[in-house]
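Here's the structure, in structure tokens; my notes come after.
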Amino acid sequence: MPKAHPSAAPNTEDCSRYAGRWVAVVNGRVVGQGGTPEQARLAARQMRFKEIPEVTYVSTPKPLSFPALLERIAQALPAAQPVYLVGGAVRDAMLGRPVHDLDFVLGGDGMGIARALANRLGAAYYPLDESRGYARVVLQEAGATRFMLDFAPFDGPDLESDLHRRDFTLNAMAVEVHNPQQVFDPLGGAADLWAKRLRACTPQAFANDPVRILRAVRQAAALGLKIQPETRTWMRQAVPLLEQTSPERLRDELLRMLGGRQPAASLRALDLLGALPYVLPELPALKGVVQSPPHTLDTWEHTLEVVSRLEALLEVLAPEYDPDKAASLILGLAVLRLGRYRSQIADHLGNQLNPDRTVRSLLFMAALYHDTGKPETRSQEPAGRIRFLGHEEASERMAAARAQHYRLSNAEVERVTAVVRHHMRPLLLLQTGEPVSRKAVYRFFRALGPAGVEVCLLSLADMLGTYGNTLRQEDWARLLEVVRALLEAWWEKPEDSVAPRVLLNGSDLMAHFHLPPGPQIGRLLEAIREAQAEGQVSTRAQALELAAQVLSESL
């Protein structure tokens with residue numbers, strides 16, 4: 001990148017309208033401007049080709065918001081070696097959003113720079129692609145904040161060539177780490193960002209990497225952007241190439257989408273682009289599958305409504321209470337009954353069964369697949385009622401197949417399928433018409449464990465997506481009471497009915513009753529635990545008495 005004068009803009013002309021741009025100045029007048037020093041110099045040459053302009057950067061009114069770590073990185077890097085922070089970190093700094101993943105490019109040995117930096121910072125170093133010189137530094141800061149620093153050589157001969165090869169203009173901006181308030185923006189990404197436009201850098205952006213189709217949809221939803229018509233055309237043209245993309249890369253982008261903002265709108269966008277059969281091929285079969293009342297939508301629209309309602313529910317139960325989001329009577333009642341568990345819900349959904357994915361993303365995947373078995377299990381009674389007997393098991397099978405295709409870990413597959421298989425359990429507890437018993441609580445969490453929390457949340461969204469505007473307040477209040485009882489037992493009184501303290505173990509039973517090892521010991525222990533959950537047994541003596549009774553009845 002050509003060197004440019006680092007000082008502020010000249011005082012002889014008001015340059016505020018060029019904030020965030022490079023300007024070329026001759027005799028106190030701006031004669032050219034651009035997103036890089038070279039662009040400003042070329043623009044000036046067209047007007048004053050005989051004169052040599054002074055090129056400088058016009059600072060933005062508000063400094064870019066980078067993490068304090070960037071200054072430590074700059075101090076640890078050699079000043080003679082320009083290293084550029086690029087991509088989403090620069091975009092997010094402009095928006096004042098938190099930055100944790102930092103991508104750097106340079107015109108030298110990226111792996112050597114990364115290794116030296118890791119040593120200086122006391123961080124971990126990982127070679128990502130030795131053939132291309134890619135490396136990663138992982139730094140765990142105080143307060144559990146983890147920063148991932150990726151280093152790579154320029155993709156092309158220089159910085160501007162590298163930026164032209166990126167996905168979208170608002171991700172094609174860079175700052176040099178020693179001067180992080182001077183932005184290099186050759187494609188006008190800042191203007192697109194402020195205008196809420198998502199624009200591909202080149203017509204080949206999606207053909208070169210079809211995963212960018214999903215990334216475009218996700219970033220448009222996350223940042224409230226409008227995908228430009230020409231960019232949408234290029235996306236549609238590249239959709240068939242998704243079939244040739246690795247499942248792991250599709251998975252990572254898809255789960256970020258599901259765990260981010262407006263997942264239902266993102267799914268609808270994928271459908272309109274024709275990408276859904278390549279990404280989630282089980283979902284198109286849901287279209288047009290009619291359901292009997294109380295359902296008001298077909299299974300496809302119902303699924304999108306459940307995803308949308310789930311997002312709204314989690315927003316009003318987020319740690320930061322927003323009264324505007326809870327303005328409706330239905331959501332306000334949810335806050336009243338479940339608001340005490342805000343922090344627990346946030347911590348639970350933020351858990352990671354894999355370092356790169358959260359439980360929240362898995363919950364939304366389960367919401368997508370909770371009814372995928374309905375098309376194949378649909379039947380209609382002579383009286384006209386439509387039923388879907390066994391759809392939970394069919395949906396579970398489809399969810400498992402898709403999760404395995406996307407190479408989710410065994411723990412993640414089990415979590416998604418458990419939520420899908422049992423998503424109707426709170427509704428079944430509601431239909432008893434009785435308060436949730438301690439025995440029911442025990443059996444619920446015995447079957448589900450931590451996944452019971454996600455089942456509770458999905459069941460609420462499912463009711464909202466089923467009834468829509470026809471939902472009666474009293475029915476909603478009753479389901480909220482079921483969910484409140486389950487969550488209270490899980491978080492506040494686990495020793496009562498979720499996980500009663502151990503009174504006896506298998507060795508105790510075998511010694512006391514002179515029994516051999518075998519399934520009978522497991523059945524006795526389970527009978528004791530269930531009796532504890534019901535409040536019938538609380539001491540060792542009572543546990544032995546119950547075991548003796550069970551043995552007597554079995555004989």
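Here, A, B, ... name the chains of the structure tokens in the order displayed, residue numbers run from 1 inside each chain, and ligands are numbered from 1 in the same displayed order.
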
Filtered DSSP result for segment 287-511 of chain A, state helix (DSSP H, G or I), as a PyMOL selection string: chain A and resi 299-316+329-350+359-369+374-377+391-405+410-421+425-431+438-448+451-470+473-491+494-498+506-511

So which residues of segment 46-199 of chain A fall under strand (DSSP E) by DSSP, listed as a ChimeraX atom specification? /A:54-57,83-86,101-106,124-129,134-140,146-153,174-176,179-184,197-198

For Asp298 of chain A, work out the shell of residues within 7 Å, counting only C-alpha atoms and skipping chain neighbours fewer than 2 positions away, then give it as a PyMOL selection string. chain A and resi 287-291+300-302

Expected file contents, prior selection, N, CA and C atoms, as a tab-separated table (two decimals), in the first residue's frame:
```tsv
chain	number	residue	atom	x	y	z
A	287	LYS	N	-44.20	-28.00	2.90
A	287	LYS	CA	-45.06	-27.02	2.26
A	287	LYS	C	-46.38	-27.64	1.82
A	288	GLY	N	-47.46	-26.97	2.17
A	288	GLY	CA	-48.78	-27.40	1.72
A	288	GLY	C	-49.38	-28.55	2.50
A	289	VAL	N	-48.71	-29.03	3.55
A	289	VAL	CA	-49.27	-30.12	4.36
A	289	VAL	C	-50.24	-29.50	5.37
A	290	VAL	N	-51.54	-29.66	5.08
A	290	VAL	CA	-52.59	-29.02	5.88
A	290	VAL	C	-52.73	-29.74	7.21
A	291	GLN	N	-53.06	-28.99	8.26
A	291	GLN	CA	-53.26	-29.54	9.60
A	291	GLN	C	-54.65	-29.16	10.11
A	300	TRP	N	-45.20	-26.13	6.98
A	300	TRP	CA	-44.06	-25.26	6.64
A	300	TRP	C	-44.20	-23.91	7.32
A	301	GLU	N	-45.35	-23.27	7.14
A	301	GLU	CA	-45.54	-21.96	7.76
A	301	GLU	C	-45.54	-22.08	9.28
A	302	HIS	N	-46.08	-23.19	9.78
A	302	HIS	CA	-46.06	-23.42	11.23
A	302	HIS	C	-44.61	-23.50	11.74
```

Shell of 12 Å around Gln431 of chain A, only C-alpha atoms, local chain residues under 3 positions omitted, as a VMD selection string: chain A and resid 424 to 428 434 to 436 475 478 to 479 482

Dump of C-alpha atoms for the selected residues, as a PDB file, in the first residue's frame:
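And here's part33.pdb as it stands now:
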```pdb
ATOM      1  CA  MET A 424     -44.614 -32.474  23.079  1.00  0.00           C
ATOM      2  CA  ARG A 425     -44.046 -33.662  26.658  1.00  0.00           C
ATOM      3  CA  PRO A 426     -44.921 -30.360  28.379  1.00  0.00           C
ATOM      4  CA  LEU A 427     -48.120 -30.203  26.316  1.00  0.00           C
ATOM      5  CA  LEU A 428     -48.991 -33.753  27.425  1.00  0.00           C
ATOM      6  CA  GLU A 434     -53.466 -31.498  37.167  1.00  0.00           C
ATOM      7  CA  PRO A 435     -50.491 -29.631  38.652  1.00  0.00           C
ATOM      8  CA  VAL A 436     -47.161 -31.150  37.678  1.00  0.00           C
ATOM      9  CA  ASP A 475     -54.415 -21.989  28.013  1.00  0.00           C
ATOM     10  CA  ARG A 478     -51.545 -23.089  32.157  1.00  0.00           C
ATOM     11  CA  LEU A 479     -48.648 -24.115  29.908  1.00  0.00           C
ATOM     12  CA  VAL A 482     -46.198 -26.337  33.682  1.00  0.00           C
TER      13      VAL A 482
END
```

Please provide the set of residues having any atom within 12 Å of segment 237-252 of chain A, restricted to only C-alpha atoms, with same-chain residues fewer than 6 positions apart removed, written as a PyMOL selection string. chain A and resi 203-215+218+230-231+258-259+270-281+354-358+361-362+365+402-409

Write the selection just made, keeping N, CA and C atoms, as a tab-separated table (two decimals), in the first residue's frame?
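Done, and the output landed in selection_6.tsv:
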```
chain	number	residue	atom	x	y	z
A	203	PRO	N	-18.70	-10.14	-9.38
A	203	PRO	CA	-19.71	-11.09	-9.86
A	203	PRO	C	-19.34	-12.55	-9.58
A	204	GLN	N	-18.05	-12.83	-9.39
A	204	GLN	CA	-17.61	-14.21	-9.15
A	204	GLN	C	-17.58	-14.58	-7.68
A	205	ALA	N	-18.02	-13.66	-6.80
A	205	ALA	CA	-17.88	-13.89	-5.36
A	205	ALA	C	-18.51	-15.20	-4.92
A	206	PHE	N	-19.70	-15.51	-5.42
A	206	PHE	CA	-20.42	-16.71	-4.96
A	206	PHE	C	-20.00	-17.96	-5.73
A	207	ALA	N	-19.63	-17.80	-6.98
A	207	ALA	CA	-19.12	-18.95	-7.73
A	207	ALA	C	-17.79	-19.41	-7.14
A	208	ASN	N	-16.98	-18.45	-6.67
A	208	ASN	CA	-15.70	-18.81	-6.05
A	208	ASN	C	-15.89	-19.49	-4.70
A	209	ASP	N	-16.95	-19.12	-3.99
A	209	ASP	CA	-17.22	-19.74	-2.68
A	209	ASP	C	-18.73	-19.71	-2.43
A	210	PRO	N	-19.45	-20.79	-2.77
A	210	PRO	CA	-20.91	-20.80	-2.63
A	210	PRO	C	-21.41	-20.61	-1.19
A	211	VAL	N	-20.58	-20.92	-0.19
A	211	VAL	CA	-20.99	-20.71	1.20
A	211	VAL	C	-21.34	-19.24	1.45
A	212	ARG	N	-20.81	-18.37	0.63
A	212	ARG	CA	-21.11	-16.94	0.78
A	212	ARG	C	-22.60	-16.65	0.57
A	213	ILE	N	-23.33	-17.55	-0.08
A	213	ILE	CA	-24.78	-17.38	-0.23
A	213	ILE	C	-25.42	-17.37	1.16
A	214	LEU	N	-25.07	-18.34	1.98
A	214	LEU	CA	-25.60	-18.40	3.35
A	214	LEU	C	-25.09	-17.23	4.18
A	215	ARG	N	-23.83	-16.87	3.97
A	215	ARG	CA	-23.26	-15.76	4.74
A	215	ARG	C	-23.95	-14.45	4.40
A	218	ARG	N	-27.24	-14.46	6.22
A	218	ARG	CA	-27.03	-14.29	7.67
A	218	ARG	C	-26.65	-12.86	8.01
A	230	GLU	N	-28.42	-6.97	-7.99
A	230	GLU	CA	-27.38	-7.64	-8.77
A	230	GLU	C	-26.72	-8.75	-7.96
A	231	THR	N	-26.52	-8.48	-6.68
A	231	THR	CA	-25.92	-9.49	-5.80
A	231	THR	C	-26.85	-10.68	-5.65
A	258	LEU	N	-28.81	-19.81	12.38
A	258	LEU	CA	-29.89	-20.21	13.28
A	258	LEU	C	-29.71	-19.60	14.66
A	259	GLY	N	-28.47	-19.43	15.09
A	259	GLY	CA	-28.23	-18.85	16.41
A	259	GLY	C	-28.22	-17.33	16.42
A	270	LEU	N	-33.54	-18.14	2.11
A	270	LEU	CA	-32.92	-19.30	1.47
A	270	LEU	C	-33.91	-20.01	0.56
A	271	ASP	N	-35.15	-20.09	1.02
A	271	ASP	CA	-36.19	-20.74	0.21
A	271	ASP	C	-36.43	-19.97	-1.08
A	272	LEU	N	-36.53	-18.64	-0.99
A	272	LEU	CA	-36.77	-17.83	-2.18
A	272	LEU	C	-35.61	-17.90	-3.16
A	273	LEU	N	-34.40	-18.09	-2.64
A	273	LEU	CA	-33.24	-18.21	-3.52
A	273	LEU	C	-33.12	-19.59	-4.16
A	274	GLY	N	-33.93	-20.53	-3.67
A	274	GLY	CA	-33.84	-21.90	-4.17
A	274	GLY	C	-32.75	-22.71	-3.51
A	275	ALA	N	-32.23	-22.23	-2.36
A	275	ALA	CA	-31.10	-22.90	-1.70
A	275	ALA	C	-31.54	-23.93	-0.68
A	276	LEU	N	-32.80	-23.90	-0.28
A	276	LEU	CA	-33.24	-24.79	0.81
A	276	LEU	C	-33.02	-26.27	0.51
A	277	PRO	N	-33.34	-26.77	-0.69
A	277	PRO	CA	-33.12	-28.20	-0.96
A	277	PRO	C	-31.66	-28.63	-0.86
A	278	TYR	N	-30.73	-27.69	-1.01
A	278	TYR	CA	-29.31	-28.03	-0.93
A	278	TYR	C	-28.79	-27.97	0.51
A	279	VAL	N	-29.50	-27.25	1.38
A	279	VAL	CA	-29.00	-27.03	2.73
A	279	VAL	C	-29.80	-27.81	3.77
A	280	LEU	N	-31.12	-27.77	3.65
A	280	LEU	CA	-32.02	-28.46	4.57
A	280	LEU	C	-33.07	-29.20	3.75
A	281	PRO	N	-32.69	-30.27	3.08
A	281	PRO	CA	-33.57	-30.89	2.08
A	281	PRO	C	-34.84	-31.50	2.64
A	354	ASN	N	-19.73	-28.11	21.72
A	354	ASN	CA	-18.61	-28.06	20.79
A	354	ASN	C	-18.05	-26.64	20.90
A	355	PRO	N	-16.73	-26.44	20.87
A	355	PRO	CA	-16.18	-25.10	21.07
A	355	PRO	C	-16.69	-24.05	20.10
A	356	ASP	N	-17.20	-24.46	18.95
A	356	ASP	CA	-17.61	-23.49	17.92
A	356	ASP	C	-19.13	-23.27	17.86
A	357	ARG	N	-19.92	-23.99	18.70
A	357	ARG	CA	-21.37	-23.89	18.57
A	357	ARG	C	-22.02	-23.87	19.96
A	358	THR	N	-23.15	-23.20	20.05
A	358	THR	CA	-23.85	-23.09	21.32
A	358	THR	C	-25.12	-23.93	21.32
A	361	SER	N	-28.04	-22.52	19.17
A	361	SER	CA	-28.11	-22.91	17.75
A	361	SER	C	-28.75	-24.28	17.59
A	362	LEU	N	-28.40	-25.20	18.49
A	362	LEU	CA	-28.97	-26.55	18.43
A	362	LEU	C	-30.46	-26.52	18.71
A	365	MET	N	-32.17	-25.53	15.59
A	365	MET	CA	-32.18	-26.64	14.64
A	365	MET	C	-33.27	-27.64	15.01
A	402	ARG	N	-29.80	-35.54	9.44
A	402	ARG	CA	-29.24	-34.26	9.01
A	402	ARG	C	-28.08	-33.84	9.92
A	403	ALA	N	-28.22	-34.03	11.22
A	403	ALA	CA	-27.14	-33.67	12.15
A	403	ALA	C	-25.89	-34.49	11.88
A	404	GLN	N	-26.06	-35.76	11.57
A	404	GLN	CA	-24.90	-36.60	11.26
A	404	GLN	C	-24.29	-36.22	9.92
A	405	HIS	N	-25.13	-35.85	8.96
A	405	HIS	CA	-24.60	-35.39	7.66
A	405	HIS	C	-23.73	-34.16	7.85
A	406	TYR	N	-24.12	-33.29	8.77
A	406	TYR	CA	-23.35	-32.08	9.01
A	406	TYR	C	-22.23	-32.27	10.03
A	407	ARG	N	-21.93	-33.52	10.35
A	407	ARG	CA	-20.79	-33.86	11.20
A	407	ARG	C	-20.87	-33.20	12.57
A	408	LEU	N	-22.07	-33.11	13.13
A	408	LEU	CA	-22.17	-32.66	14.50
A	408	LEU	C	-21.61	-33.75	15.41
A	409	SER	N	-21.13	-33.36	16.58
A	409	SER	CA	-20.59	-34.34	17.51
A	409	SER	C	-21.71	-35.24	18.02
```

Between atom CA of Glu160 of chain A and atom CA of Pro53 of chain A, what is the distance in Å, rounded to a tenth? 21.0 Å

Got a sec: who's within 10 Å of Ala485 of chain A, counting only C-alpha atoms, leaving out chain neighbours fewer than 4 positions off, as an mmCIF file with C-alpha atoms, in the first residue's frame?
```cif
data_model
loop_
_atom_site.group_PDB
_atom_site.id
_atom_site.type_symbol
_atom_site.label_atom_id
_atom_site.label_comp_id
_atom_site.auth_asym_id
_atom_site.auth_seq_id
_atom_site.Cartn_x
_atom_site.Cartn_y
_atom_site.Cartn_z
ATOM 1 C CA LEU A 338 -40.471 -17.075 33.825
ATOM 2 C CA PRO A 435 -50.491 -29.631 38.652
ATOM 3 C CA VAL A 436 -47.161 -31.150 37.678
ATOM 4 C CA SER A 437 -46.345 -33.853 40.231
ATOM 5 C CA ARG A 438 -42.896 -34.509 41.632
ATOM 6 C CA VAL A 441 -40.843 -33.875 37.098
ATOM 7 C CA LEU A 479 -48.648 -24.115 29.908
ATOM 8 C CA LEU A 480 -46.482 -21.395 31.450
ATOM 9 C CA GLU A 481 -47.290 -22.870 34.861
ATOM 10 C CA ALA A 489 -37.398 -28.053 39.904
ATOM 11 C CA TRP A 490 -34.350 -28.014 37.611
#
```

Arg165 of chain A surroundings by only C-alpha atoms, 8 Å radius, close-in-sequence under 3 positions cut, as a ChimeraX atom specification: /A:155,161-162,201-202,205

Interatomic distance, atom CA of Gly107 of chain A to atom CA of Tyr84 of chain A (Å, one decimal): 9.4 Å

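Considering only C-alpha atoms, the residue among A:Leu64, A:Val25, A:Val138, A:Val99 positioned nearest to Arg45 of chain A is A:Val25.
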
How close does each residue of segment 200-291 of chain A get to segment 369-377 of chain A, giving the shortest atom pair and distance in Å to one decimal for every residue with an atom at most 7 Å away, counting only C-alpha atoms, sorted by chain and residue number, as a Markdown table?
```
| residue | atom | partner | partner_atom | distance |
| --- | --- | --- | --- | --- |
| A:Glu282 | CA | A:Thr372 | CA | 6.7 |
| A:Leu283 | CA | A:Thr372 | CA | 6.6 |
| A:Ala285 | CA | A:Pro375 | CA | 6.8 |
| A:Leu286 | CA | A:Pro375 | CA | 6.4 |
| A:Val289 | CA | A:Pro375 | CA | 6.5 |
```

If you keep N, CA and C atoms, can you produce a file of those selected residues as a CSV table (one decimal), in the first residue's frame?
```
chain,number,residue,atom,x,y,z
A,282,GLU,N,-34.9,-31.7,4.0
A,282,GLU,CA,-36.2,-32.3,4.5
A,282,GLU,C,-37.3,-31.2,4.6
A,283,LEU,N,-36.9,-30.0,4.6
A,283,LEU,CA,-37.9,-28.9,4.9
A,283,LEU,C,-38.9,-28.6,3.8
A,285,ALA,N,-40.6,-30.5,1.9
A,285,ALA,CA,-41.8,-31.4,1.9
A,285,ALA,C,-42.9,-30.9,2.9
A,286,LEU,N,-42.5,-30.0,3.8
A,286,LEU,CA,-43.5,-29.5,4.7
A,286,LEU,C,-44.5,-28.5,4.1
A,289,VAL,N,-48.7,-29.0,3.5
A,289,VAL,CA,-49.3,-30.1,4.4
A,289,VAL,C,-50.2,-29.5,5.4
```
